[in-house]
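Here the structure comes first, spelled out in structure tokens, and everything after it is commentary.
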Amino acid sequence: MSMVTGVQTCALPISEVHQNGRVFSVSISPFHESGYINLYFTDITERVHAAQALLRSSNRMATLISSSPAGILLEDENRHIVLVNQSLCELFNIPVGPEEMVGSDCAALAESFKLHFAQPERFLEGVRVALNEAEPRMAELVELADGRSFERSYTPVLLAGERGGHLWQYTEDRKSTRLNSSHHAHL
């Protein structure tokens, strides 16, 4: 409720879709002294359709990311985790689920996680360079301390021409996987 020139008003969205397919919200302004009310209708059809389209698009994207075999990490412009998929948790043996990582400071996480890499400082430097240059980087090889190798890709997220976040993707390096498989087959 709000006060407009001393009169209480309230806006009530009408969820009923009329015959012509339009959706309206209504503001009700009662005038107690006079015994009447004013009704103000606002056509919100386009806003409702845009919100529904955005929700559908977001759901599609979340499904795509969550079902990807690649480990995916999305950070906001302040380097806080927005989205992580289960594949990333599995690739890096992270003991918590993706939902628990949302909101975490990714810079602090990278610093604490660097010891998982064969060359910890090189891993961090690669992250710093990617963030500073804000240019896509594809399939950079990163090696873990346990002998596995991943290809790391980075894509800056731009919103209206401004930095809006950072998308990281990790996939198992197929060449090293084939070499390791071949090596173990000969042993």
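In the structure tokens, the first chain shown is A, the next is B, and so on; residue numbers restart at 1 for each chain, and ligands run from 1 in the order shown.
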Based on DSSP run over this structure's backbone, return all residues of stretch 3-185 of chain A in strand (DSSP E or B), as a compact mmCIF listing (two decimals) with C-alpha atoms, in the first residue's frame.
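Saved to part03.txt:
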# COMPACT_ATOMS: atom_id res chain seq x y z
CA MET A 3 -0.24 6.99 0.26
CA VAL A 4 -1.17 9.31 -2.57
CA VAL A 7 -5.36 8.43 0.35
CA GLN A 8 -4.29 4.83 0.78
CA THR A 9 -3.87 2.92 -2.48
CA CYS A 10 -2.94 -0.65 -3.20
CA ALA A 11 -2.00 -2.44 -6.42
CA LEU A 12 -3.44 -5.88 -7.01
CA PRO A 13 -2.28 -7.86 -10.02
CA PHE A 24 -3.83 -6.27 -16.29
CA SER A 25 -2.91 -5.04 -12.83
CA VAL A 26 -5.33 -2.86 -10.97
CA SER A 27 -4.70 -0.13 -8.43
CA ILE A 28 -7.50 0.49 -6.00
CA SER A 29 -7.86 3.87 -4.35
CA PRO A 30 -10.61 3.98 -1.74
CA PHE A 31 -12.06 7.34 -0.73
CA TYR A 36 -16.35 5.41 -3.40
CA ILE A 37 -13.22 3.91 -4.91
CA ASN A 38 -11.22 4.54 -8.04
CA LEU A 39 -9.87 1.62 -10.06
CA TYR A 40 -6.87 2.16 -12.30
CA PHE A 41 -6.08 -0.60 -14.79
CA THR A 42 -2.62 -1.01 -16.30
CA ASP A 43 -1.93 -3.36 -19.19
CA GLY A 71 32.90 -28.41 -15.43
CA ILE A 72 31.33 -24.95 -15.57
CA LEU A 73 31.74 -22.02 -13.21
CA LEU A 74 30.01 -18.67 -13.66
CA GLU A 75 31.12 -15.68 -11.58
CA ASP A 76 29.52 -12.25 -11.35
CA HIS A 80 31.25 -14.20 -6.57
CA ILE A 81 30.01 -17.57 -7.76
CA VAL A 82 26.64 -17.40 -9.50
CA LEU A 83 26.47 -20.92 -10.89
CA VAL A 84 28.48 -24.12 -10.73
CA ASP A 105 34.22 -15.49 -3.25
CA PHE A 117 47.40 -27.92 -9.34
CA ARG A 137 40.79 -17.93 -23.99
CA MET A 138 40.27 -21.44 -25.27
CA ALA A 139 41.63 -24.81 -24.24
CA GLU A 140 44.56 -23.74 -22.06
CA LEU A 141 46.17 -26.82 -20.57
CA VAL A 142 46.24 -26.95 -16.75
CA GLU A 143 47.75 -29.90 -14.90
CA LEU A 144 46.64 -31.11 -11.52
CA SER A 149 45.13 -32.55 -17.10
CA PHE A 150 42.26 -30.25 -18.01
CA GLU A 151 41.63 -27.77 -20.73
CA ARG A 152 40.48 -24.47 -19.26
CA SER A 153 38.47 -21.99 -21.32
CA TYR A 154 37.46 -18.51 -20.25
CA THR A 155 34.79 -16.25 -21.67
CA PRO A 156 34.11 -12.75 -20.31
CA VAL A 157 30.42 -12.05 -19.82
CA LEU A 158 29.42 -8.65 -21.15
CA LEU A 159 26.15 -6.96 -20.25
CA GLU A 162 30.19 -3.70 -19.52
CA ARG A 163 31.85 -6.55 -17.66
CA GLY A 164 29.07 -8.61 -16.16
CA GLY A 165 30.92 -11.72 -15.08
CA HIS A 166 33.25 -14.53 -15.99
CA LEU A 167 32.52 -17.95 -17.44
CA TRP A 168 35.05 -20.74 -16.88
CA GLN A 169 34.86 -24.18 -18.45
CA TYR A 170 37.05 -27.16 -17.60
CA THR A 171 37.16 -30.34 -19.67
CA GLU A 172 39.37 -33.35 -19.33
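Checking A:Ala118, A:Cys89, A:Ile94, A:Ala107 one by one against A:Leu131, counting only C-alpha atoms, you find the shortest gap at A:Ala107.
Between A:Asn85 and the candidates A:Ala108, A:Ile65, A:Leu54, A:Val102, the tightest atom-to-atom separation, counting only C-alpha atoms, involves A:Ile65.
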Considering only helix (DSSP H, G or I) as DSSP defines it on the backbone, what residues of stretch 30-181 of chain A qualify? List them as a PyMOL selection string.
chain A and resi 45-66+86-91+98-101+106-116+120-133+174-181
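Using only C-alpha atoms, the residues found no farther than 8 Å from stretch 110-116 of chain A, other than those of its own chain fewer than 5 positions away, are Glu121, Phe123, Leu124, Leu144, Ala145 and Asp146 of chain A.
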For all heavy atoms, I'd like the residues from the last selection saved as a PDB file, in the first residue's frame.
ATOM      1  N   GLU A 121      51.081 -21.493  -8.703  1.00  0.00           N
ATOM      2  CA  GLU A 121      51.200 -20.079  -9.055  1.00  0.00           C
ATOM      3  C   GLU A 121      50.898 -19.855 -10.539  1.00  0.00           C
ATOM      4  O   GLU A 121      50.341 -18.821 -10.910  1.00  0.00           O
ATOM      5  CB  GLU A 121      52.563 -19.520  -8.670  1.00  0.00           C
ATOM      6  CG  GLU A 121      52.794 -19.474  -7.165  1.00  0.00           C
ATOM      7  CD  GLU A 121      51.681 -18.759  -6.395  1.00  0.00           C
ATOM      8  OE1 GLU A 121      51.206 -17.694  -6.849  1.00  0.00           O
ATOM      9  OE2 GLU A 121      51.302 -19.265  -5.322  1.00  0.00           O
ATOM     10  N   PHE A 123      48.737 -21.576 -12.242  1.00  0.00           N
ATOM     11  CA  PHE A 123      47.274 -21.634 -12.309  1.00  0.00           C
ATOM     12  C   PHE A 123      46.679 -20.267 -11.977  1.00  0.00           C
ATOM     13  O   PHE A 123      45.850 -19.732 -12.721  1.00  0.00           O
ATOM     14  CB  PHE A 123      46.737 -22.699 -11.351  1.00  0.00           C
ATOM     15  CG  PHE A 123      45.269 -22.552 -11.051  1.00  0.00           C
ATOM     16  CD1 PHE A 123      44.310 -22.871 -12.002  1.00  0.00           C
ATOM     17  CD2 PHE A 123      44.848 -22.065  -9.821  1.00  0.00           C
ATOM     18  CE1 PHE A 123      42.954 -22.721 -11.730  1.00  0.00           C
ATOM     19  CE2 PHE A 123      43.500 -21.910  -9.540  1.00  0.00           C
ATOM     20  CZ  PHE A 123      42.555 -22.236 -10.498  1.00  0.00           C
ATOM     21  N   LEU A 124      47.106 -19.681 -10.854  1.00  0.00           N
ATOM     22  CA  LEU A 124      46.592 -18.372 -10.442  1.00  0.00           C
ATOM     23  C   LEU A 124      46.948 -17.281 -11.441  1.00  0.00           C
ATOM     24  O   LEU A 124      46.130 -16.398 -11.723  1.00  0.00           O
ATOM     25  CB  LEU A 124      47.099 -17.993  -9.053  1.00  0.00           C
ATOM     26  CG  LEU A 124      46.514 -18.782  -7.884  1.00  0.00           C
ATOM     27  CD1 LEU A 124      47.149 -18.326  -6.575  1.00  0.00           C
ATOM     28  CD2 LEU A 124      45.005 -18.656  -7.825  1.00  0.00           C
ATOM     29  N   LEU A 144      46.887 -30.960 -12.938  1.00  0.00           N
ATOM     30  CA  LEU A 144      46.637 -31.109 -11.518  1.00  0.00           C
ATOM     31  C   LEU A 144      47.779 -31.860 -10.855  1.00  0.00           C
ATOM     32  O   LEU A 144      48.528 -32.583 -11.516  1.00  0.00           O
ATOM     33  CB  LEU A 144      45.313 -31.844 -11.273  1.00  0.00           C
ATOM     34  CG  LEU A 144      44.082 -30.930 -11.243  1.00  0.00           C
ATOM     35  CD1 LEU A 144      43.783 -30.352 -12.586  1.00  0.00           C
ATOM     36  CD2 LEU A 144      42.904 -31.633 -10.664  1.00  0.00           C
ATOM     37  N   ALA A 145      47.894 -31.700  -9.569  1.00  0.00           N
ATOM     38  CA  ALA A 145      48.948 -32.366  -8.805  1.00  0.00           C
ATOM     39  C   ALA A 145      48.792 -33.884  -8.853  1.00  0.00           C
ATOM     40  O   ALA A 145      49.778 -34.608  -8.723  1.00  0.00           O
ATOM     41  CB  ALA A 145      48.933 -31.875  -7.361  1.00  0.00           C
ATOM     42  N   ASP A 146      47.571 -34.383  -9.071  1.00  0.00           N
ATOM     43  CA  ASP A 146      47.354 -35.833  -9.115  1.00  0.00           C
ATOM     44  C   ASP A 146      47.641 -36.441 -10.489  1.00  0.00           C
ATOM     45  O   ASP A 146      47.415 -37.624 -10.719  1.00  0.00           O
ATOM     46  CB  ASP A 146      45.932 -36.184  -8.670  1.00  0.00           C
ATOM     47  CG  ASP A 146      44.841 -35.685  -9.611  1.00  0.00           C
ATOM     48  OD1 ASP A 146      45.150 -35.172 -10.714  1.00  0.00           O
ATOM     49  OD2 ASP A 146      43.655 -35.804  -9.242  1.00  0.00           O
TER      50      ASP A 146
END
Judged by only C-alpha atoms, the minimum distance to A:Gly97 among A:Arg22, A:Val127, A:Ser66, A:Gln119 is found for A:Ser66
